[in-house]
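Structure file coords_27.csv (CSV, C-alpha atoms) is printed below.
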chain,number,residue,atom,x,y,z
A,1,MET,CA,5.6,28.0,-24.5
A,2,THR,CA,6.6,30.2,-21.5
A,3,GLU,CA,3.0,29.9,-20.2
A,4,ALA,CA,3.3,26.1,-20.2
A,5,PHE,CA,6.8,26.2,-18.8
A,6,SER,CA,5.6,28.0,-15.6
A,7,ARG,CA,2.9,25.4,-14.9
A,8,ALA,CA,5.2,22.8,-13.4
A,9,LEU,CA,7.9,23.8,-10.9
A,10,LEU,CA,10.3,21.5,-9.1
A,11,THR,CA,11.5,22.1,-5.6
A,12,THR,CA,15.2,21.7,-4.8
A,13,LEU,CA,14.5,18.6,-2.8
A,14,ALA,CA,12.3,17.0,-5.5
A,15,ARG,CA,15.1,17.6,-8.0
A,16,SER,CA,17.6,15.9,-5.8
A,17,ASP,CA,15.2,13.0,-5.4
A,18,ILE,CA,15.0,12.6,-9.2
A,19,ASN,CA,18.7,13.1,-9.8
A,20,ALA,CA,19.4,10.3,-7.3
A,21,VAL,CA,17.8,7.8,-9.7
A,22,ALA,CA,20.5,6.1,-11.7
A,23,GLU,CA,18.3,4.8,-14.6
A,24,ILE,CA,18.2,7.3,-17.4
A,25,ASP,CA,15.0,5.8,-18.8
A,26,VAL,CA,13.3,6.5,-15.5
A,27,ARG,CA,14.5,10.1,-15.5
A,28,THR,CA,13.1,10.5,-19.0
A,29,ALA,CA,9.8,8.9,-17.8
A,30,VAL,CA,9.7,11.4,-15.0
A,31,VAL,CA,10.1,14.4,-17.3
A,32,ASN,CA,7.4,12.8,-19.6
A,33,ALA,CA,5.1,12.6,-16.6
A,34,LEU,CA,5.9,16.2,-15.7
A,35,VAL,CA,4.8,17.2,-19.2
A,36,GLU,CA,1.5,15.3,-18.6
A,37,ILE,CA,1.0,17.1,-15.3
A,38,GLU,CA,1.8,20.4,-16.9
A,39,ASN,CA,-0.8,19.7,-19.6
A,40,HIS,CA,-3.4,18.6,-17.1
A,41,LEU,CA,-2.7,19.6,-13.5
A,42,GLU,CA,-5.2,17.1,-12.2
A,43,PHE,CA,-3.4,14.2,-13.8
A,44,GLY,CA,-2.5,12.5,-10.5
A,45,ARG,CA,-4.9,11.1,-7.9
A,46,LEU,CA,-5.7,13.2,-4.9
A,47,LEU,CA,-3.7,12.2,-1.8
A,48,GLU,CA,-6.0,10.8,0.9
A,49,SER,CA,-5.1,12.5,4.2
A,50,ARG,CA,-7.1,10.0,6.5
A,51,GLY,CA,-6.8,12.5,9.3
A,52,TYR,CA,-3.3,11.9,10.4
A,53,THR,CA,-1.6,14.9,8.8
A,54,GLU,CA,-2.2,18.6,8.3
A,55,ASP,CA,-4.2,20.1,5.5
A,56,LEU,CA,-3.1,18.5,2.2
A,57,ARG,CA,-5.8,19.6,-0.1
A,58,GLY,CA,-4.5,19.9,-3.6
A,59,CYS,CA,-1.8,17.3,-3.2
A,60,ARG,CA,-1.8,14.6,-5.8
A,61,LYS,CA,0.3,11.6,-6.6
A,62,VAL,CA,1.4,9.7,-9.7
A,63,TYR,CA,3.2,6.4,-10.0
A,64,VAL,CA,5.7,6.3,-12.9
A,65,ASP,CA,8.3,4.1,-14.4
A,66,ARG,CA,10.0,3.5,-17.7
A,67,PRO,CA,7.6,2.3,-20.4
A,68,ASP,CA,8.9,-1.3,-20.7
A,69,TRP,CA,8.7,-2.0,-16.9
A,70,GLN,CA,6.6,-5.0,-16.1
A,71,GLY,CA,4.4,-4.6,-13.1
A,72,LYS,CA,3.4,-1.8,-10.9
A,73,PRO,CA,5.5,1.4,-11.5
A,74,ARG,CA,8.3,1.6,-8.9
A,75,PHE,CA,8.4,5.3,-8.3
A,76,ARG,CA,5.9,7.8,-7.1
A,77,ARG,CA,5.7,11.6,-7.2
A,78,VAL,CA,3.8,14.0,-5.1
A,79,TYR,CA,2.8,17.4,-6.2
A,80,TRP,CA,0.7,20.3,-5.0
A,81,CYS,CA,-1.7,22.2,-7.2
A,82,SER,CA,-1.6,25.9,-6.2
A,83,PRO,CA,-3.1,28.2,-5.4
A,84,ASP,CA,-6.3,26.2,-5.0
A,85,GLU,CA,-7.2,22.7,-5.9
A,86,ARG,CA,-10.4,23.9,-7.5
A,87,GLN,CA,-8.7,26.4,-9.8
A,88,PRO,CA,-5.1,25.2,-10.0
A,89,ARG,CA,-2.6,27.2,-12.0
A,90,THR,CA,0.7,25.6,-11.1
A,91,ALA,CA,1.9,22.2,-10.0
A,92,ARG,CA,4.7,22.3,-7.4
A,93,ILE,CA,6.6,19.1,-7.4
A,94,LEU,CA,7.3,18.2,-3.8
A,95,ALA,CA,8.7,14.7,-3.7
A,96,PHE,CA,9.8,11.8,-5.8
A,97,GLY,CA,11.0,8.4,-4.7
A,98,PRO,CA,10.5,4.6,-4.7
A,99,ALA,CA,6.9,3.5,-4.3
A,100,SER,CA,5.6,1.5,-1.3
A,101,ILE,CA,8.2,-0.3,0.7
A,102,VAL,CA,5.4,-2.6,2.0
A,103,SER,CA,4.2,-3.9,-1.4
A,104,GLY,CA,5.6,-7.3,-0.3
A,105,ILE,CA,2.4,-7.8,1.7
A,106,GLN,CA,0.4,-8.1,-1.5
A,107,ASP,CA,2.9,-10.5,-3.0
A,108,ARG,CA,2.7,-12.7,0.1
A,109,CYS,CA,-1.1,-12.7,0.0
A,110,ARG,CA,-1.1,-13.6,-3.7
A,111,SER,CA,1.4,-16.4,-3.1
A,112,LEU,CA,-0.5,-17.8,-0.1
A,113,GLN,CA,-3.8,-17.8,-2.1
A,114,ARG,CA,-2.1,-19.3,-5.2
A,115,ARG,CA,-0.6,-22.1,-3.0
A,116,SER,CA,-4.0,-22.8,-1.5
A,117,ARG,CA,-5.7,-23.0,-5.0
A,118,ASN,CA,-2.9,-25.2,-6.3
A,119,ARG,CA,-3.2,-27.6,-3.4
A,120,ARG,CA,-6.9,-27.8,-4.1
A,121,ALA,CA,-6.3,-28.3,-7.8
A,122,VAL,CA,-3.8,-31.1,-7.3
A,123,ALA,CA,-6.2,-32.8,-4.9
A,124,SER,CA,-9.1,-32.6,-7.3
A,125,GLY,CA,-7.0,-33.3,-10.5
A,126,GLU,CA,-7.7,-29.8,-12.0
A,127,PRO,CA,-4.9,-27.9,-13.8
A,128,LYS,CA,-2.9,-25.5,-11.7
A,129,ARG,CA,-3.6,-21.7,-12.0
B,130,MET,CA,-29.3,-44.6,11.8
B,131,GLN,CA,-30.9,-45.7,8.7
B,132,GLU,CA,-28.5,-47.6,6.5
B,133,VAL,CA,-29.1,-46.0,3.0
B,134,GLY,CA,-26.6,-44.8,0.4
B,135,VAL,CA,-23.5,-46.0,-1.3
B,136,LEU,CA,-20.8,-44.8,1.1
B,137,VAL,CA,-20.4,-45.4,4.8
B,138,VAL,CA,-18.4,-42.9,6.8
B,139,GLU,CA,-16.8,-44.5,9.7
B,140,LYS,CA,-15.1,-43.1,12.8
B,141,TYR,CA,-13.1,-45.6,15.0
B,142,HIS,CA,-14.6,-48.4,13.0
B,143,GLN,CA,-18.1,-47.3,13.8
B,144,PRO,CA,-20.4,-46.0,11.0
B,145,VAL,CA,-21.3,-42.4,11.7
B,146,ALA,CA,-22.9,-41.4,8.4
B,147,TYR,CA,-24.2,-42.9,5.2
B,148,LEU,CA,-23.9,-40.8,2.0
B,149,SER,CA,-26.3,-41.1,-0.9
B,150,SER,CA,-23.8,-40.6,-3.6
B,151,ILE,CA,-20.1,-39.9,-4.4
B,152,GLU,CA,-21.1,-36.3,-5.3
B,153,VAL,CA,-22.2,-35.7,-1.7
B,154,PHE,CA,-18.8,-37.0,-0.6
B,155,ASP,CA,-17.1,-34.6,-3.0
B,156,GLU,CA,-19.1,-31.6,-1.7
B,157,LEU,CA,-18.2,-32.5,1.8
B,158,LEU,CA,-14.5,-32.6,0.8
B,159,GLU,CA,-14.7,-29.3,-0.9
B,160,SER,CA,-16.5,-27.7,2.1
B,161,ALA,CA,-13.8,-29.1,4.4
B,162,ASP,CA,-11.1,-27.7,2.1
B,163,ARG,CA,-12.7,-24.3,2.1
B,164,HIS,CA,-12.8,-24.4,5.9
B,165,ALA,CA,-9.2,-25.4,6.1
B,166,ARG,CA,-8.2,-22.6,3.8
B,167,LEU,CA,-10.2,-20.1,5.8
B,168,LEU,CA,-8.4,-21.2,8.9
B,169,ARG,CA,-5.1,-20.8,7.2
B,170,GLU,CA,-5.9,-17.3,5.9
B,171,LEU,CA,-7.7,-16.0,8.9
B,172,PRO,CA,-4.6,-15.0,11.0
B,173,LEU,CA,-3.2,-13.0,8.0
B,174,ALA,CA,-6.6,-11.4,7.4
B,175,LEU,CA,-6.9,-10.4,11.0
B,176,SER,CA,-3.4,-8.9,11.0
B,177,LEU,CA,-4.2,-7.0,7.8
B,178,LEU,CA,-7.5,-5.7,9.3
B,179,ALA,CA,-5.7,-4.5,12.4
B,180,THR,CA,-3.1,-2.7,10.3
B,181,ALA,CA,-5.7,-1.2,8.1
B,182,ILE,CA,-7.6,0.3,11.1
B,183,LYS,CA,-4.3,1.6,12.5
B,184,VAL,CA,-3.3,3.4,9.4
B,185,GLY,CA,-6.7,5.1,9.1
B,186,VAL,CA,-8.7,2.9,6.8
B,187,SER,CA,-12.4,2.8,7.9
B,188,SER,CA,-13.6,-0.6,9.1
B,189,ASP,CA,-16.3,-0.6,6.4
B,190,ALA,CA,-13.7,-0.1,3.6
B,191,ALA,CA,-11.4,-2.8,5.1
B,192,ILE,CA,-14.2,-5.4,5.5
B,193,GLY,CA,-15.5,-4.4,2.0
B,194,ALA,CA,-12.1,-5.0,0.5
B,195,LEU,CA,-11.7,-8.4,2.3
B,196,LEU,CA,-15.0,-9.6,0.9
B,197,ARG,CA,-15.1,-7.8,-2.4
B,198,GLY,CA,-15.8,-10.0,-5.5
B,199,HIS,CA,-13.1,-12.4,-4.7
B,200,ASP,CA,-12.2,-15.3,-6.9
B,201,GLU,CA,-14.8,-18.0,-6.1
B,202,ALA,CA,-11.9,-20.4,-5.4
B,203,ASP,CA,-10.7,-18.1,-2.6
B,204,VAL,CA,-12.4,-17.7,0.7
B,205,LEU,CA,-11.2,-14.2,1.4
B,206,ASN,CA,-9.8,-11.4,-0.8
B,207,LEU,CA,-6.5,-10.9,1.0
B,208,VAL,CA,-4.9,-9.3,-2.0
B,209,ASP,CA,-7.4,-6.4,-2.2
B,210,LEU,CA,-7.1,-5.8,1.5
B,211,ALA,CA,-3.3,-5.8,1.3
B,212,GLU,CA,-3.5,-3.3,-1.5
B,213,LEU,CA,-5.7,-1.0,0.5
B,214,VAL,CA,-3.3,-1.3,3.5
B,215,ASP,CA,-0.3,-0.6,1.2
B,216,SER,CA,-2.0,2.4,-0.3
B,217,ALA,CA,-2.9,3.8,3.1
B,218,ILE,CA,0.6,3.4,4.5
B,219,GLU,CA,2.0,5.0,1.4
B,220,ASP,CA,-0.4,7.9,1.6
B,221,ARG,CA,0.5,8.4,5.2
B,222,ASP,CA,4.2,8.5,4.5
B,223,MET,CA,3.8,10.7,1.5
B,224,SER,CA,1.5,13.1,3.4
B,225,VAL,CA,4.1,13.6,6.1
B,226,LEU,CA,6.8,14.2,3.5
B,227,ALA,CA,4.5,16.5,1.5
B,228,ALA,CA,3.5,18.5,4.5
B,229,ALA,CA,7.1,19.1,5.4
B,230,ARG,CA,8.1,20.1,1.9
B,231,MET,CA,5.2,22.4,1.4
B,232,GLU,CA,6.8,24.6,4.1
B,233,GLN,CA,10.0,25.0,2.0
B,234,PRO,CA,10.5,28.5,0.4
B,235,ASP,CA,9.9,28.5,-3.4
B,236,VAL,CA,13.0,30.6,-4.2
B,237,GLY,CA,14.9,27.6,-5.4
B,238,ASP,CA,12.1,26.2,-7.5
B,239,MET,CA,13.0,25.4,-11.1
B,240,SER,CA,10.8,25.2,-14.2
B,241,LEU,CA,10.3,22.0,-16.1
B,242,GLY,CA,12.1,23.3,-19.1
B,243,ASP,CA,15.2,24.2,-17.1
B,244,PHE,CA,15.1,20.9,-15.3
B,245,ALA,CA,14.9,18.9,-18.5
B,246,ALA,CA,17.8,20.8,-19.9
B,247,GLU,CA,19.8,20.0,-16.7
B,248,LEU,CA,19.1,16.3,-17.3
B,249,GLY,CA,20.2,16.7,-20.9
B,250,LEU,CA,16.8,16.2,-22.4
B,251,ASP,CA,15.2,18.3,-25.2
B,252,ILE,CA,11.9,19.4,-23.6
B,253,THR,CA,10.5,20.3,-27.0
B,254,GLN,CA,11.0,16.8,-28.2
B,255,VAL,CA,9.5,15.3,-25.0
B,256,ARG,CA,6.4,17.6,-25.4
B,257,ALA,CA,6.1,16.5,-29.0
B,258,ASP,CA,6.3,12.8,-27.9
B,259,VAL,CA,3.7,13.3,-25.3
B,260,ALA,CA,1.4,15.1,-27.8
B,261,ALA,CA,1.9,12.3,-30.2
B,262,GLY,CA,1.2,9.7,-27.5
B,263,THR,CA,4.6,8.0,-27.9
B,264,PRO,CA,5.0,5.9,-24.8
B,265,ARG,CA,8.0,7.0,-22.8
B,266,ALA,CA,6.6,6.3,-19.4
B,267,LYS,CA,4.3,3.9,-17.6
B,268,TYR,CA,1.8,5.5,-15.2
B,269,ASP,CA,-0.5,4.4,-12.4
B,270,ARG,CA,-2.8,6.8,-10.6
Would you mind writing the file's structure down as structure tokens?
Amino acid sequence: MTEAFSRALLTTLARSDINAVAEIDVRTAVVNALVEIENHLEFGRLLESRGYTEDLRGCRKVYVDRPDWQGKPRFRRVYWCSPDERQPRTARILAFGPASIVSGIQDRCRSLQRRSRNRRAVASGEPKR
Amino acid sequence: MQEVGVLVVEKYHQPVAYLSSIEVFDELLESADRHARLLRELPLALSLLATAIKVGVSSDAAIGALLRGHDEADVLNLVDLAELVDSAIEDRDMSVLAAARMEQPDVGDMSLGDFAAELGLDITQVRADVAAGTPRAKYDR
């Protein structure tokens, strides 16, 4: 048990991030996700650096939410597998917070294309989608 | 112009085309509709492409997303491109945050067990739930 305990460590700032979330179910989901990370350090997807930051090798992200949430999970977590991404021994949880603030772009695109399809469906007498 | 077909297309009361069947007329309407939608969606597509390049997405990946297996009723795949842009912006923001926080000393780091206890959760129970596959969280990676 102690071995497993030491595999996921939370920084002070990451703990503050999590404590700032009011929903208890979300905090439970976060701990659940931490257990998953602890069991499998490569649980999250690698962060793509795209050349605009420093060396972030070993940094991974996971999106999480309470189990009954409909839609894309609202929160994301970033952690760093140390000492090396090829042979990780510990996950250091760096940050937690609301996911993309720009996801409205996708919704707008979906809405625009849905309106276009519906306009066409109405014109041709097909059922709306 | 040879006068054959069942439909006459007129412009300013002058015949400009003769269509052989109503199906041809429908195809023309559909084609016009696709062009109209393309014109409506193009400004947003261009704006998304510019943003994608700005946040570090390669032009190949951006164009690929825009044209990737879209619904045949749609002209462009705006949703996939928007998702790519979203993800790139988020990765950029998270990278900046992660880079700053990696510099923090680890003296205040806390183990998962201690943190769960701080939240009032029984970590043994959570571990058992995870092992049993009881859904207590929704993930996306």
- Note on the structure: Shortest contact to Arg7 of chain A, candidates B:Met223, B:Leu250, B:Met239, B:Val259, atoms counted only C-alpha atoms, goes to B:Met239
Restrict the calculation to all atoms listed in the file, then for each residue of chain B with any atom at most 6 Å from an atom of chain A give the closest atom pair and their distance in Å to one decimal, rows by chain and rising residue number, as CSV.
residue,atom,partner,partner_atom,distance
B:Gly185,CA,A:Arg50,CA,5.6
B:Leu207,CA,A:Cys109,CA,5.8
B:Val208,CA,A:Gln106,CA,5.5
B:Ala211,CA,A:Gln106,CA,5.2
B:Glu219,CA,A:Ser100,CA,5.7
B:Gly237,CA,A:Thr12,CA,5.9
B:Asp238,CA,A:Thr11,CA,4.6
B:Met239,CA,A:Leu10,CA,5.1
B:Ser240,CA,A:Leu9,CA,4.6
B:Leu241,CA,A:Ala8,CA,5.8
B:Arg265,CA,A:Pro67,CA,5.3
B:Ala266,CA,A:Pro67,CA,4.2
B:Lys267,CA,A:Pro67,CA,4.6
B:Tyr268,CA,A:Val64,CA,4.6
B:Asp269,CA,A:Tyr63,CA,4.8
B:Arg270,CA,A:Val62,CA,5.2
- Task: Grab the atom CA of Ala179 of chain B to atom CA of Val214 of chain B distance for me, in Å with one decimal place.
- Result: 9.8 Å
- For segment 193-196 of chain B, please output as a ChimeraX atom specification all residues within 8 Å (counting only C-alpha atoms; exclusion window: fewer than 5 positions along the same chain). /B:174,205-207,209-210,213
- With a distance cut-off of 7 Å and only C-alpha atoms, select the neighbouring residues of Val137 of chain B, excluding the residue or stretch itself and same-chain residues fewer than 5 positions from it, and output the selection as JSON, numbers by chain. {"B": [144, 146, 147, 148]}
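For the pair atom CA of Asp17 of chain A and atom CA of Arg86 of chain A, the separation is 27.9 Å.
Computed from the coordinates, the atom CA of Ser224 of chain B to atom CA of Arg57 of chain A distance equals 10.4 Å.
Ranking B:Val204, B:His142, B:Ile252, B:Ala245 by their shortest atom-to-atom distance to Leu168 of chain B, with only C-alpha atoms included, puts B:Val204 first.
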